[in-house]
Amino acid sequence: MKVWAVALNTFKETIRDRILYNLLVFALLMILLTIALGELTIGEEVKVTTDLGLGCISIFGTLIAIFLGIGLVGKEIERKTIYSLVAKPLPRYQFLLGKFAGLFLTILVNLGIMTVAYVGVLYYMAGSFTWPLLQAILLILVELAIIIAAALLFSTFTSPTLSAIFSLAFFVIGRMSEDLRLLGGKSKSILFQHFSQLLYYCLPNLSNYSKLHAAAYGDALSLDLFLQIVGVGILTTAFILGLAMLIFQRRDFT
Amino acid sequence: MKVIQTENLSKTFRVGFRQRRVEAVRGLNLEVESGEIFGFLGPNGAGKTTFIKMLLSLIYPTAGTATLLGRPVGDVETRRRIGFLPEQPYFYDYLDGREFLDFFGRFFELETRTRGQRVNDLLARVGLAEAGRLPLRKYSKGMLQRIGMAQALLNDPELVILDEPMSGLDPRGRKEIRDLILELKKQGKTIFFSTHILPDVEMICDRVGIIHQGRLVQLGRLDQILSAEVQSVDLQVKGLNPASQPALEALGASVLEQGGHWLIRVPGQAAADQVLELVRRQHGQLIALAPHRETLEEYFLRQIGNQEGAGS
């Protein structure tokens with residue numbers, strides 16, 4: 001009940017945020033623009049549109065998650081609204097859980113809107129929407145849950161600007177960590193080898209959730225593998241949220 | 001029953017790159033009894049807000065212990081019995097007054113109907129019944145303070161903690177808050193509030209504590225703290241001979257003469273008696289006489305001055 005109250009308020013807060021609408025309108029325009037970009041290619045119109053559309057959903061979903069996520073806790077502290085909340089019978093971890101759930105709900109709604117636009121475009125171009133594409137969008141949703149949790153984690157101990165930088169770095173390194181490890185393996189520098197290994201094992205491998213090209217070519221993951229990736233994503237999100245709760249619990253609101 | 005009890009409560013912050021130590025609250029011992037209005041006074045930066053934040057677990061003490069309503073601070077269940085208004089409250093500007101109170105009411109797990117009733121009652125009680133559907137971003141400072149008071153009272157608390165509730169309000173707004181505090185006391189609630197607006201404290205507080213540089217420098221009832229002795233007397237007379245001025249000044253009086261009316265301030269009752277004798281001898285007329293006892297403001301400034309003198 002209390003977590004739901006915070007979640008509902010966070011949902012109201014985020015859907016009344018101008019950043020959200022700017023990004024969403026831009027994302028919808030980009031998805032529509034993929035039709036034109038597809039037309040520029042010869043013989044690969046549908047594949048290009050399918051691939052670029054998924055890319056748009058992923059990138060704009062990430063930007064929305066980061067830019068709304070970093071402000072959620074930071075704004076509460078900066079504007080001192082947290083004082084009245086923490087003084088109520090609301091444990092701090094429930095506050096954080098509510099914040100996460102509220103933003104996740106917003107992301108879910110936005111992803112839904114972008115997906116509807118994307119499906120519309122695909123039906124216009126090819127007259128179909130396939131299971132591999134839905135699988136790719138569900139994996140984007142899991143990836144966004146991890147990114148929201150990371151943005152919340154950073155915002156529990158640092159300023160919104162630094163949180164944005166850390167969250168973007170988390171996303172970029174997470175997406176590239178497997179490539180970095182492979183590159184590190186081929187490097188002659190022992191330092192870089194160890195550093196790339198460290199990044200690979202410390203940060204979640206977000207490329208697992210980015211099966212966009214394969215989906216665009218109609219390659220679906222087996223159901224087992226898909227469920228495994230989703231399961232790891234949920235555990236990763238829970239771990240990051242747990243870490244955020246630990247830090248938030250010990251924090252002084254000065 | 002001790003509603004608030006602290007023992008050696010202390011908070012040290014580490015600030016800056018070099019982690020310099022700043023002792024915001026130093027070994028504060030305080031007890032607040034049930035049903036009293038307690039005024040917590042101190043200049044800006046004295047440690048008032050830090051102390052209140054420790055009571056509400058917004059920050060954690062470096063040393064010492066504190067209990068609220070007999071339970072250690074930090075106990076989430078105790079917060080069901082506490083109301084809190086933070087200093088210069090800023091609330092969610094995307095909500096209207098009613099939505100805001102409803103949101104906070106959900107943390108007390110009130111049923112929907114009870115919550116709605118409580119919100120209506122409180123909006124009426126703080127004079128915002130007409131503004132319930134207005135977004136908070138359109139509220140004036142006084143209205144925000146009042147909606148803040150309403151959220152502090154949502155759970156019908158036994159203990160109400162108010163951080164600078166009169167700060168930034170006009171005289172009418174201050175009076176409304178004073179009246180509300182007195183009404184809460186009548187209902188048997190305990191009110192602990194911090195302020196630096198001293199006339200308000202004099203009007204309503206049962207006891208006060210004065211904090212300066214993180215230390216509690218005075219604690220007690222106002223009639224015990226303030227001297228009952230007359231500090232000065234103001235007399236307004238007419239019909240005095242202008243040649244009397246040197247005699248008056250010899251008594252230590254400050255004199256202002258305007259169109260035959262004399263305003264005379266003398267230090268103490270004995271000097272006032274001598275002025276009255278002079279007026280009687282010259283067949284003058286006493287229009288008004290006002291003895292001045294020490295005000296809380298004068299006492300406060302004297303205490304703070306002594307502390308700073310001792311500290312330097």
# chains A, B, ... in the order shown; residues from 1 in each chain; ligands from 1
>>> residues_around(residues="range 96-104 of chain A", least_positions_apart="2", cutoff="10 Å", atoms="only C-alpha atoms", output="ChimeraX atom specification")
/A:1-15,64-65,68-69,72-73,91-94,106-110,141,144-145,148-149,151-153,156,241-242,244-245,248-249
>>> write_last_selection(atoms="N, CA and C atoms", output="short mmCIF file (atom, residue, chain, number, x, y, z; two decimals), in the first residue's frame")
data_model
loop_
_atom_site.label_atom_id
_atom_site.label_comp_id
_atom_site.auth_asym_id
_atom_site.auth_seq_id
_atom_site.Cartn_x
_atom_site.Cartn_y
_atom_site.Cartn_z
N MET A 1 0.84 -1.21 0.00
CA MET A 1 0.00 0.00 0.00
C MET A 1 0.88 1.26 0.00
N LYS A 2 1.88 1.31 0.93
CA LYS A 2 2.74 2.49 1.00
C LYS A 2 3.63 2.58 -0.24
N VAL A 3 4.17 1.41 -0.65
CA VAL A 3 5.03 1.39 -1.85
C VAL A 3 4.19 1.82 -3.06
N TRP A 4 2.96 1.36 -3.11
CA TRP A 4 2.08 1.70 -4.22
C TRP A 4 1.78 3.19 -4.23
N ALA A 5 1.60 3.79 -3.01
CA ALA A 5 1.34 5.23 -2.92
C ALA A 5 2.51 6.02 -3.50
N VAL A 6 3.73 5.62 -3.15
CA VAL A 6 4.92 6.32 -3.69
C VAL A 6 5.01 6.09 -5.20
N ALA A 7 4.73 4.84 -5.61
CA ALA A 7 4.82 4.51 -7.04
C ALA A 7 3.83 5.35 -7.86
N LEU A 8 2.62 5.46 -7.33
CA LEU A 8 1.58 6.21 -8.05
C LEU A 8 1.96 7.68 -8.15
N ASN A 9 2.50 8.22 -7.04
CA ASN A 9 2.92 9.62 -7.04
C ASN A 9 4.09 9.84 -8.00
N THR A 10 5.01 8.87 -8.04
CA THR A 10 6.15 8.97 -8.96
C THR A 10 5.67 8.91 -10.41
N PHE A 11 4.69 8.05 -10.66
CA PHE A 11 4.12 7.95 -12.01
C PHE A 11 3.52 9.29 -12.42
N LYS A 12 2.75 9.90 -11.48
CA LYS A 12 2.15 11.21 -11.76
C LYS A 12 3.24 12.24 -12.04
N GLU A 13 4.30 12.20 -11.20
CA GLU A 13 5.39 13.16 -11.34
C GLU A 13 6.06 13.02 -12.70
N THR A 14 6.36 11.78 -13.10
CA THR A 14 7.11 11.59 -14.33
C THR A 14 6.26 11.84 -15.58
N ILE A 15 4.97 11.49 -15.51
CA ILE A 15 4.18 11.73 -16.73
C ILE A 15 3.82 13.21 -16.87
N ILE A 64 15.11 8.17 -21.64
CA ILE A 64 13.99 8.49 -20.72
C ILE A 64 14.29 7.90 -19.34
N ALA A 65 14.76 6.65 -19.30
CA ALA A 65 15.04 5.99 -18.01
C ALA A 65 16.11 6.76 -17.24
N LEU A 68 14.90 10.64 -16.33
CA LEU A 68 13.88 10.69 -15.28
C LEU A 68 14.41 10.02 -14.01
N GLY A 69 15.18 8.96 -14.17
CA GLY A 69 15.67 8.19 -13.02
C GLY A 69 16.61 8.97 -12.12
N LEU A 72 14.79 11.44 -9.71
CA LEU A 72 13.74 10.97 -8.80
C LEU A 72 14.09 11.17 -7.33
N VAL A 73 15.25 10.69 -6.93
CA VAL A 73 15.64 10.82 -5.52
C VAL A 73 16.32 12.18 -5.30
N PRO A 91 9.24 3.18 5.78
CA PRO A 91 10.67 2.81 5.79
C PRO A 91 11.36 3.29 4.52
N ARG A 92 12.62 3.65 4.65
CA ARG A 92 13.31 4.22 3.50
C ARG A 92 13.35 3.27 2.31
N TYR A 93 13.48 1.96 2.57
CA TYR A 93 13.58 1.04 1.45
C TYR A 93 12.28 0.99 0.66
N GLN A 94 11.15 1.20 1.38
CA GLN A 94 9.86 1.20 0.67
C GLN A 94 9.73 2.43 -0.22
N THR A 106 6.03 4.16 -15.73
CA THR A 106 6.12 5.19 -16.77
C THR A 106 6.83 4.65 -18.00
N ILE A 107 7.94 3.94 -17.77
CA ILE A 107 8.72 3.38 -18.88
C ILE A 107 7.86 2.36 -19.66
N LEU A 108 7.11 1.59 -18.89
CA LEU A 108 6.25 0.57 -19.51
C LEU A 108 5.23 1.23 -20.44
N VAL A 109 4.62 2.31 -19.95
CA VAL A 109 3.63 3.02 -20.76
C VAL A 109 4.30 3.60 -22.02
N ASN A 110 5.47 4.20 -21.83
CA ASN A 110 6.18 4.81 -22.96
C ASN A 110 6.63 3.77 -23.98
N LEU A 141 12.94 -3.90 -22.36
CA LEU A 141 12.26 -3.55 -21.11
C LEU A 141 13.08 -4.03 -19.90
N LEU A 144 16.00 -1.78 -19.50
CA LEU A 144 15.61 -0.48 -18.94
C LEU A 144 15.39 -0.59 -17.43
N ALA A 145 14.88 -1.73 -16.97
CA ALA A 145 14.70 -1.92 -15.52
C ALA A 145 16.06 -1.85 -14.83
N ILE A 148 17.19 1.83 -14.84
CA ILE A 148 16.47 2.64 -13.82
C ILE A 148 17.08 2.36 -12.45
N ALA A 149 17.31 1.07 -12.15
CA ALA A 149 17.88 0.72 -10.84
C ALA A 149 19.25 1.38 -10.68
N ALA A 151 20.36 4.14 -12.22
CA ALA A 151 20.18 5.59 -12.07
C ALA A 151 19.73 5.93 -10.65
N LEU A 152 18.85 5.11 -10.09
CA LEU A 152 18.41 5.32 -8.70
C LEU A 152 19.59 5.14 -7.74
N LEU A 153 20.39 4.11 -7.99
CA LEU A 153 21.55 3.85 -7.13
C LEU A 153 22.48 5.07 -7.11
N THR A 156 21.28 8.08 -5.17
CA THR A 156 21.19 8.02 -3.70
C THR A 156 22.44 8.60 -3.03
N LEU A 241 19.16 -2.58 -6.82
CA LEU A 241 18.22 -1.91 -5.92
C LEU A 241 18.58 -2.15 -4.46
N GLY A 242 19.00 -3.38 -4.14
CA GLY A 242 19.42 -3.70 -2.77
C GLY A 242 20.59 -2.83 -2.33
N ALA A 244 21.32 0.11 -3.59
CA ALA A 244 20.79 1.48 -3.44
C ALA A 244 20.10 1.64 -2.09
N MET A 245 19.35 0.62 -1.67
CA MET A 245 18.65 0.68 -0.38
C MET A 245 19.63 0.77 0.78
N PHE A 248 21.05 4.27 0.81
CA PHE A 248 19.99 5.23 1.14
C PHE A 248 19.63 5.16 2.63
N GLN A 249 19.66 3.94 3.18
CA GLN A 249 19.32 3.74 4.58
C GLN A 249 20.30 4.47 5.50
#
>>> residues_around(residues="range 82-97 of chain B", least_positions_apart="4", cutoff="8 Å", atoms="only C-alpha atoms", output="ChimeraX atom specification")
/A:13,16,79-81,83-84,87-88 /B:78,101,131-137,144-145,147-149,151-165,167
>>> write_last_selection(atoms="N, CA and C atoms", output="short mmCIF file (atom, residue, chain, number, x, y, z; two decimals), in the first residue's frame")
data_model
loop_
_atom_site.label_atom_id
_atom_site.label_comp_id
_atom_site.auth_asym_id
_atom_site.auth_seq_id
_atom_site.Cartn_x
_atom_site.Cartn_y
_atom_site.Cartn_z
N GLU A 13 4.30 12.20 -11.20
CA GLU A 13 5.39 13.16 -11.34
C GLU A 13 6.06 13.02 -12.70
N ARG A 16 4.09 14.02 -15.80
CA ARG A 16 3.87 15.46 -15.94
C ARG A 16 5.19 16.18 -16.20
N ARG A 79 14.81 19.47 -3.07
CA ARG A 79 13.65 20.31 -2.73
C ARG A 79 13.12 20.03 -1.32
N LYS A 80 13.81 19.15 -0.62
CA LYS A 80 13.50 18.86 0.78
C LYS A 80 12.13 18.20 0.99
N THR A 81 11.52 17.70 -0.09
CA THR A 81 10.24 17.01 0.08
C THR A 81 10.45 15.70 0.83
N TYR A 83 11.98 15.29 3.52
CA TYR A 83 11.88 15.47 4.97
C TYR A 83 10.52 15.03 5.49
N SER A 84 9.46 15.49 4.81
CA SER A 84 8.12 15.14 5.28
C SER A 84 7.85 13.65 5.08
N ALA A 87 9.69 11.35 7.62
CA ALA A 87 9.12 11.50 8.96
C ALA A 87 7.80 10.74 9.12
N LYS A 88 7.27 10.22 8.03
CA LYS A 88 6.04 9.42 8.08
C LYS A 88 6.42 7.94 8.33
N THR B 78 6.52 4.38 15.66
CA THR B 78 6.29 5.57 16.51
C THR B 78 5.86 6.76 15.64
N LEU B 101 -2.53 15.97 0.26
CA LEU B 101 -2.90 15.45 1.58
C LEU B 101 -3.32 13.98 1.48
N ALA B 131 -9.21 26.14 -1.64
CA ALA B 131 -8.00 25.99 -2.47
C ALA B 131 -7.59 24.54 -2.66
N GLY B 132 -8.48 23.61 -2.25
CA GLY B 132 -8.14 22.19 -2.31
C GLY B 132 -7.81 21.69 -3.70
N ARG B 133 -8.42 22.27 -4.73
CA ARG B 133 -8.21 21.81 -6.11
C ARG B 133 -7.18 22.67 -6.85
N LEU B 134 -6.55 23.59 -6.13
CA LEU B 134 -5.55 24.46 -6.76
C LEU B 134 -4.18 23.76 -6.71
N PRO B 135 -3.42 23.76 -7.84
CA PRO B 135 -2.09 23.13 -7.79
C PRO B 135 -1.19 23.84 -6.77
N LEU B 136 -0.33 23.07 -6.12
CA LEU B 136 0.51 23.65 -5.06
C LEU B 136 1.46 24.72 -5.60
N ARG B 137 1.78 24.66 -6.91
CA ARG B 137 2.69 25.67 -7.46
C ARG B 137 2.05 27.05 -7.47
N LEU B 144 1.33 27.53 1.63
CA LEU B 144 2.18 26.34 1.70
C LEU B 144 2.43 25.94 3.15
N GLN B 145 2.64 26.99 3.98
CA GLN B 145 2.87 26.72 5.41
C GLN B 145 1.63 26.07 6.02
N ILE B 147 -0.77 24.31 4.38
CA ILE B 147 -0.99 22.94 3.90
C ILE B 147 0.05 22.02 4.56
N GLY B 148 1.24 22.59 4.85
CA GLY B 148 2.27 21.84 5.58
C GLY B 148 1.78 21.47 6.97
N MET B 149 1.10 22.42 7.62
CA MET B 149 0.54 22.14 8.95
C MET B 149 -0.52 21.03 8.83
N GLN B 151 -0.69 18.59 6.65
CA GLN B 151 -0.08 17.26 6.48
C GLN B 151 0.54 16.77 7.79
N ALA B 152 0.97 17.71 8.64
CA ALA B 152 1.54 17.30 9.93
C ALA B 152 0.46 16.77 10.88
N LEU B 153 -0.79 17.13 10.60
CA LEU B 153 -1.88 16.75 11.53
C LEU B 153 -2.76 15.62 10.98
N LEU B 154 -2.39 15.09 9.82
CA LEU B 154 -3.21 14.07 9.15
C LEU B 154 -3.52 12.86 10.04
N ASN B 155 -2.52 12.49 10.87
CA ASN B 155 -2.65 11.26 11.67
C ASN B 155 -3.13 11.57 13.09
N ASP B 156 -3.63 12.80 13.32
CA ASP B 156 -4.05 13.21 14.66
C ASP B 156 -2.95 12.88 15.67
N PRO B 157 -1.75 13.46 15.50
CA PRO B 157 -0.57 13.02 16.26
C PRO B 157 -0.60 13.44 17.73
N GLU B 158 0.12 12.68 18.55
CA GLU B 158 0.25 13.04 19.97
C GLU B 158 1.35 14.09 20.14
N LEU B 159 2.37 13.99 19.29
CA LEU B 159 3.49 14.94 19.35
C LEU B 159 3.61 15.63 18.00
N VAL B 160 3.64 16.98 18.05
CA VAL B 160 3.78 17.75 16.81
C VAL B 160 5.11 18.50 16.86
N ILE B 161 5.96 18.25 15.88
CA ILE B 161 7.27 18.91 15.83
C ILE B 161 7.24 19.88 14.65
N LEU B 162 7.49 21.15 14.95
CA LEU B 162 7.40 22.18 13.91
C LEU B 162 8.74 22.91 13.83
N ASP B 163 9.32 22.93 12.63
CA ASP B 163 10.61 23.61 12.46
C ASP B 163 10.34 24.98 11.84
N GLU B 164 10.55 26.02 12.62
CA GLU B 164 10.34 27.41 12.19
C GLU B 164 8.95 27.60 11.54
N PRO B 165 7.88 27.30 12.26
CA PRO B 165 6.55 27.38 11.62
C PRO B 165 6.11 28.79 11.27
N SER B 167 8.22 31.24 10.26
CA SER B 167 9.22 31.90 9.42
C SER B 167 8.60 32.35 8.08
#
>>> closest_residue(among="A:Ile82, A:Ile57, A:Leu63, A:Met30", to="chain B", atoms="only C-alpha atoms")
A:Ile82
>>> interface_residues(of="chain B", to="chain A", cutoff="6 Å", atoms="only C-alpha atoms", output="PyMOL selection string")
chain B and resi 56+58-59+76+79-80+91+107
>>> residues_around(residues="Val275 in chain B", least_positions_apart="4", cutoff="9 Å", atoms="only C-alpha atoms", output="list in words")
Leu235, Leu248, Leu251, Ile264, Val266, Ala270, Ala271, Val279 and Arg280 of chain B
>>> write_last_selection(atoms="N, CA and C atoms", output="CSV table (one decimal), in the first residue's frame")
chain,number,residue,atom,x,y,z
B,235,LEU,N,7.5,57.2,31.3
B,235,LEU,CA,6.5,58.1,31.9
B,235,LEU,C,6.2,59.1,30.8
B,248,LEU,N,16.3,65.9,35.7
B,248,LEU,CA,15.8,64.6,35.2
B,248,LEU,C,17.0,63.8,34.7
B,251,LEU,N,19.0,61.9,37.1
B,251,LEU,CA,18.4,60.7,37.5
B,251,LEU,C,18.7,59.5,36.5
B,264,ILE,N,9.6,60.5,29.2
B,264,ILE,CA,10.8,60.3,30.1
B,264,ILE,C,11.0,58.8,30.3
B,266,VAL,N,13.3,56.2,32.5
B,266,VAL,CA,14.2,56.1,33.6
B,266,VAL,C,14.6,54.7,33.9
B,270,ALA,N,12.9,53.1,41.4
B,270,ALA,CA,13.3,54.1,42.3
B,270,ALA,C,13.4,55.5,41.6
B,271,ALA,N,14.0,55.5,40.4
B,271,ALA,CA,14.1,56.7,39.6
B,271,ALA,C,12.8,57.2,39.2
B,279,VAL,N,7.1,65.8,39.5
B,279,VAL,CA,5.9,66.2,38.7
B,279,VAL,C,4.9,66.7,39.7
B,280,ARG,N,4.8,66.1,40.9
B,280,ARG,CA,3.8,66.4,41.9
B,280,ARG,C,4.1,67.8,42.4
>>> select_by_dssp(residues="range 13-198 of chain B", states="alpha helix (DSSP H)", output="VMD selection string")
chain B and resid 48 to 55 97 to 105 112 to 125 141 to 152 171 to 186 198
>>> residues_around(residues="Phe195 in chain A", least_positions_apart="6", cutoff="10 Å", atoms="only C-alpha atoms", output="ChimeraX atom specification")
/A:180-181,184,189
>>> select_by_dssp(residues="range 53-302 of chain B", states="strand (DSSP E)", output="ChimeraX atom specification")
/B:63-68,71-72,82-85,159-163,190-195,207-212,215-221,230-238,254-258,261-266,285-293
>>> residues_around(residues="Val119 in chain A", least_positions_apart="4", cutoff="12 Å", atoms="only C-alpha atoms", output="JSON, numbers by chain")
{"A": [28, 31, 32, 49, 50, 53, 54, 57, 111, 112, 113, 114, 115, 123, 124, 125, 126, 127, 128, 129, 130, 131, 133, 134, 137]}
>>> residues_around(residues="Ser163 in chain A", least_positions_apart="6", cutoff="7 Å", atoms="only C-alpha atoms", output="PyMOL selection string")
chain A and resi 70+151+154-155
>>> atom_distance(atom1="CA of Phe38 in chain B", atom2="CA of Phe192 in chain B")
4.8 Å
>>> atom_distance(atom1="CA of Gly105 in chain B", atom2="CA of Val119 in chain B")
8.1 Å
>>> residues_around(residues="Lys211 in chain A", least_positions_apart="5", cutoff="10 Å", atoms="only C-alpha atoms", output="list in words")
Leu54, Pro132, Leu133, Gln135, Ala136, Ile137, Leu139, Ile140, Ala216, Asp219, Ala220 and Leu221 of chain A
>>> closest_residue(among="A:Leu29, A:Leu198, A:Val172, A:Leu122", to="Thr62 in chain A", atoms="only C-alpha atoms")
A:Val172
>>> atom_distance(atom1="CA of Val3 in chain B", atom2="CA of Ser34 in chain B")
5.5 Å
>>> closest_residue(among="B:Arg207, B:Arg302, B:His261, B:Arg20", to="Leu219 in chain B", atoms="only C-alpha atoms")
B:Arg207
>>> decode(residues="range 217-241 of chain B", atoms="N, CA and C atoms", output="mmCIF file, in the first residue's frame")
data_model
loop_
_atom_site.group_PDB
_atom_site.id
_atom_site.type_symbol
_atom_site.label_atom_id
_atom_site.label_comp_id
_atom_site.auth_asym_id
_atom_site.auth_seq_id
_atom_site.Cartn_x
_atom_site.Cartn_y
_atom_site.Cartn_z
ATOM 1 N N VAL B 217 22.040 26.282 26.207
ATOM 2 C CA VAL B 217 22.580 27.231 27.180
ATOM 3 C C VAL B 217 21.561 27.625 28.244
ATOM 4 N N GLN B 218 20.290 27.357 28.014
ATOM 5 C CA GLN B 218 19.278 27.678 29.025
ATOM 6 C C GLN B 218 18.051 26.815 28.801
ATOM 7 N N LEU B 219 17.419 26.432 29.891
ATOM 8 C CA LEU B 219 16.236 25.580 29.790
ATOM 9 C C LEU B 219 15.338 25.886 30.971
ATOM 10 N N GLY B 220 14.072 26.141 30.718
ATOM 11 C CA GLY B 220 13.179 26.367 31.856
ATOM 12 C C GLY B 220 11.908 27.083 31.467
ATOM 13 N N ARG B 221 11.101 27.391 32.511
ATOM 14 C CA ARG B 221 9.863 28.134 32.275
ATOM 15 C C ARG B 221 10.217 29.597 32.046
ATOM 16 N N LEU B 222 9.399 30.287 31.275
ATOM 17 C CA LEU B 222 9.700 31.684 30.953
ATOM 18 C C LEU B 222 9.745 32.548 32.210
ATOM 19 N N ASP B 223 8.808 32.313 33.151
ATOM 20 C CA ASP B 223 8.797 33.157 34.360
ATOM 21 C C ASP B 223 10.005 32.884 35.257
ATOM 22 N N GLN B 224 10.642 31.703 35.070
ATOM 23 C CA GLN B 224 11.867 31.425 35.831
ATOM 24 C C GLN B 224 13.080 32.070 35.145
ATOM 25 N N ILE B 225 13.037 32.065 33.839
ATOM 26 C CA ILE B 225 14.192 32.559 33.085
ATOM 27 C C ILE B 225 14.254 34.083 33.094
ATOM 28 N N LEU B 226 13.091 34.698 32.855
ATOM 29 C CA LEU B 226 13.095 36.150 32.723
ATOM 30 C C LEU B 226 13.008 36.805 34.095
ATOM 31 N N SER B 227 13.799 37.843 34.291
ATOM 32 C CA SER B 227 13.813 38.553 35.562
ATOM 33 C C SER B 227 12.479 39.277 35.762
ATOM 34 N N ALA B 228 11.937 39.174 37.004
ATOM 35 C CA ALA B 228 10.673 39.859 37.306
ATOM 36 C C ALA B 228 10.931 41.329 37.619
ATOM 37 N N GLU B 229 12.211 41.668 37.794
ATOM 38 C CA GLU B 229 12.557 43.052 38.143
ATOM 39 C C GLU B 229 12.236 44.011 37.006
ATOM 40 N N VAL B 230 11.801 45.241 37.405
ATOM 41 C CA VAL B 230 11.533 46.255 36.391
ATOM 42 C C VAL B 230 12.872 46.767 35.858
ATOM 43 N N GLN B 231 13.026 46.722 34.562
ATOM 44 C CA GLN B 231 14.286 47.151 33.940
ATOM 45 C C GLN B 231 14.297 48.659 33.666
ATOM 46 N N SER B 232 13.150 49.176 33.261
ATOM 47 C CA SER B 232 13.047 50.616 32.991
ATOM 48 C C SER B 232 11.573 51.010 33.073
ATOM 49 N N VAL B 233 11.342 52.328 33.212
ATOM 50 C CA VAL B 233 9.951 52.807 33.286
ATOM 51 C C VAL B 233 9.797 53.967 32.307
ATOM 52 N N ASP B 234 8.746 53.934 31.515
ATOM 53 C CA ASP B 234 8.423 55.046 30.607
ATOM 54 C C ASP B 234 7.311 55.876 31.235
ATOM 55 N N LEU B 235 7.539 57.205 31.316
ATOM 56 C CA LEU B 235 6.504 58.089 31.863
ATOM 57 C C LEU B 235 6.162 59.129 30.812
ATOM 58 N N GLN B 236 4.882 59.426 30.739
ATOM 59 C CA GLN B 236 4.434 60.505 29.854
ATOM 60 C C GLN B 236 3.750 61.540 30.756
ATOM 61 N N VAL B 237 4.319 62.757 30.792
ATOM 62 C CA VAL B 237 3.763 63.780 31.704
ATOM 63 C C VAL B 237 3.608 65.100 30.954
ATOM 64 N N LYS B 238 2.822 66.020 31.543
ATOM 65 C CA LYS B 238 2.763 67.390 30.987
ATOM 66 C C LYS B 238 2.713 68.382 32.145
ATOM 67 N N GLY B 239 3.047 69.645 31.796
ATOM 68 C CA GLY B 239 3.026 70.690 32.816
ATOM 69 C C GLY B 239 4.325 70.802 33.595
ATOM 70 N N LEU B 240 5.412 70.241 33.079
ATOM 71 C CA LEU B 240 6.705 70.345 33.769
ATOM 72 C C LEU B 240 7.425 71.617 33.346
ATOM 73 N N ASN B 241 8.181 72.182 34.275
ATOM 74 C CA ASN B 241 9.002 73.352 33.969
ATOM 75 C C ASN B 241 10.195 72.918 33.094
#
